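J.: Can you read through this structure? Questions will come right after.
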Amino acid sequence: MKMTSTSFDFASWPPELSETQLEETTRYATTYALAHGLLYLPQLPIQPPIPSSAIHAPLSLFPTPIPRRLFSLAQQLQNFYNILYARIALDVEFLDKVMGAEEGVGRVDEFTGKLWRGWKEIRDEGVQRPLQLGLFRSDYLLHARENEPLELKQVEFNTISSSFGTLSEQTAKLHRYLHATTGYYDLSPVLKEENFPPNQTTAGLAEGLAAAHKAYGNKSAYILFVVQAGERNVFDQRWLEYALLERHSIHVVRQTFDELMTSASLDSNRVLKLTLPTKSAPIEISTIYFRAGYTPTDYPGTEHYSIRFLLERSKAINCPSIPLQLAGGKKVQEVLTQPGVLETFTKDWNYPGTTSQEFIDILRLSWMPMWGLDQTGERKILSGSEQHLGVQKARDRFSTLVLKPQREGGGNNVYKEAIPEFLDNLLPEERQAWIAMELISPPQGIQGYLIRSGSSSASGDTQHAPVKTEVISELGIFGWALFGFEDGHVDEKEVGWLVRTKGRESNEGGVATGFSVLDSIVLV
Ligand code: ADP
Ligand code: MG
Ligand code: MG
């Protein structure tokens, strides 16, 4: 049995429920979820324009144990990451070098190149850059090394469409409720009210959007949510809309790229206006929040890119701007680990209570070793003839690695045994678009009870019984940053968290056990 410094026994988690306890807890959980908007739209061949039914989101019955010290470390790291990524997005020279289509990843990755070129063109027009907003999520796994205390290691940093903030607040409330109503049958001493950390992600993320709206300076303007057609995770987005209206009296309008093609225009002052059939006059947009646009399939034609560039060119505050989206690239994450690079982002460092060296040290400790496939990680730049060394190193260590391209949204990585064959077929000129990252090793033996709704069909709802299986849980911390002010300061805040749990045997979740679920935290 593996004990940690906190002496919590992960391998004995969760407590074993009897059959009747399991049935009762599951019924409490699904009905709570349905009553509290912890929902998805059902999987249908085509989403009807007006939804008439919903299913509960996939859920874990018990929260996941996380050591208290690592949870507060993750929260503290978020403030640093908020500032760091704001600074990266403002560093045009750095982004050109790393992500650009002349020297960087954009040369070999078409999607990155297209975004970068559009941004470059706007810059070359001399357009005055407005403020930028980031709603971020930094993701972590616990890392268990033999005879070492558990560590916290970053999986990735998301700068666009970071989802599940509001649903994870509801999931945290669900677990509190299950504890309040069943006491979880007194099966575990750690299941105590004081071990369930608060999670106010909805108010926090809405506050970020409201801060941008306020900085824009027109109270009656709207916030635009750019969304995907047929999106099933709409409730996660709607909760933010409701919070903006109820807490800040800010109206939201949702549009797909296709809808924006007919509704959006810029006036002579680059003010973004939408002409909508339901409104008698065009509405002005203060802030653009992208829940689409992170993947090439969101841009089936050049006209989709044109719309993105029109939004980027506008006076509205983009969340994220193209540079901030580029800053979230896996390549940037890797380049930051190269010697001396993080140091370049600590100029005029004045975070209260932390020196720039402490900032550097604490961030570095959260990273796994990484290198570009056109590099080795030991030296910054390799000559042309040495560039196979990054690939060679990945071949030598394939069983401990994941390879990542410049993509978001899951399903793009290459893991372990699949790496050698993948490298056999990777063209040398494409190496620059990929990074290699050492695998994080989460503690073994933790189990979970995972439940998901069956699909509703014409013949009625099918039920899925809870599955008890060994799991891996990924912690995400949300934060926002508003930046681009003349004096260089960054308004930022850490605003809550998320846990997603998947079956251990699947690399990304969704494969072997068939799904990953929303979860929450019990501090141990
Ligand atoms: P995406 O932007 O597509 O979400 P991620 O970098 O988050 O890409 O990778 C997807 C998933 O792959 C993660 O949620 C995690 O489960 C797994 N993963 C990624 N990097 C690592 C790593 N270094 N060690 C272990 N698992 C990883
Ligand atoms: Mg991810
Ligand atoms: Mg991502």
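We name chains A, B, ... following the order of the structure tokens; residues begin at 1 in each chain, and ligands are numbered from 1 as shown.
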Sort by chain and increasing residue number a table of all residues of chain A within 7 Å of ligand 1, each with its closest pair of atoms and their distance in Å to one decimal, counting only C-alpha atoms and all ligand atoms, and write it as a tab-separated table.
T.:
residue	atom	partner	partner_atom_place_in_ligand_line	distance
A:Val155	CA	ligand 1	20 (N)	4.9
A:Glu156	CA	ligand 1	6 (O)	5.0
A:Asn158	CA	ligand 1	2 (O)	7.0
A:Met368	CA	ligand 1	23 (N)	6.8
A:Val402	CA	ligand 1	23 (N)	6.1
A:Lys404	CA	ligand 1	6 (O)	6.9
A:Arg407	CA	ligand 1	3 (O)	6.1
A:Glu408	CA	ligand 1	2 (O)	3.7
A:Gly409	CA	ligand 1	3 (O)	4.1
A:Gly410	CA	ligand 1	3 (O)	3.2
A:Gly411	CA	ligand 1	3 (O)	6.0
A:Asn412	CA	ligand 1	3 (O)	6.0
A:Asn413	CA	ligand 1	9 (O)	6.6
A:Met437	CA	ligand 1	23 (N)	5.4
A:Glu438	CA	ligand 1	23 (N)	5.2
A:Leu439	CA	ligand 1	24 (N)	3.5
A:Ile440	CA	ligand 1	24 (N)	3.8
A:Ser441	CA	ligand 1	25 (C)	6.6
A:Glu474	CA	ligand 1	14 (O)	6.8
A:Asn507	CA	ligand 1	17 (C)	5.9
A:Glu508	CA	ligand 1	16 (O)	4.3
A:Gly509	CA	ligand 1	16 (O)	6.5
J.: Might you pull out every residue within 12 Å of range 94-110 of chain A, with only C-alpha atoms counted and same-chain residues fewer than 6 positions away left off, and present them as a PyMOL selection string?
T.: chain A and resi 85+87-88+116-120+123+295-296+322-336+341-342+344-345+372-374+405-407+427-435
J.: Between CA of Gly484 in chain A and CA of Gln132 in chain A, measure the distance and give it in Å to one decimal.
T.: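 It comes out at 6.2 Å.
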J.: So that I can see what lies close to Leu260 in chain A, please list as a list in words the residues with an atom at most 12 Å from it, counting only C-alpha atoms and leaving out residues fewer than 4 positions away in the same chain.
T.: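 Selected residues are Leu224, Phe225, Val226, Val227, Gln228, Val253, Arg254, Gln255, Thr256, Ala264, Ser265, Leu266, Leu272, Lys273, Leu274, Thr275, Leu276, Ile288, Glu303, His304, Tyr305, Ser306, Ile307, Arg308, Phe309, Leu310 and Leu311 of chain A.
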J.: Ranking A:Leu142, A:Ala203, A:Leu135, A:Leu152 by minimum distance to Thr166 in chain A and counting only C-alpha atoms, which one comes first?
T.: A:Ala203
J.: Restricting the calculation to only C-alpha atoms: of A:Gly293, A:Gly230, A:Pro466, A:Pro67, which residue gets closest to Gln43 in chain A?
T.: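 Looking only at the distances to Gln43 in chain A, the closest residue turns out to be A:Gly230.
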J.: Looking at only C-alpha atoms, which of A:Tyr185, A:Phe257, A:Phe10, A:Phe157 is the one that sits closest to Leu475 in chain A?
T.: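 Among the listed residues, A:Phe157 lies closest to Leu475 in chain A.
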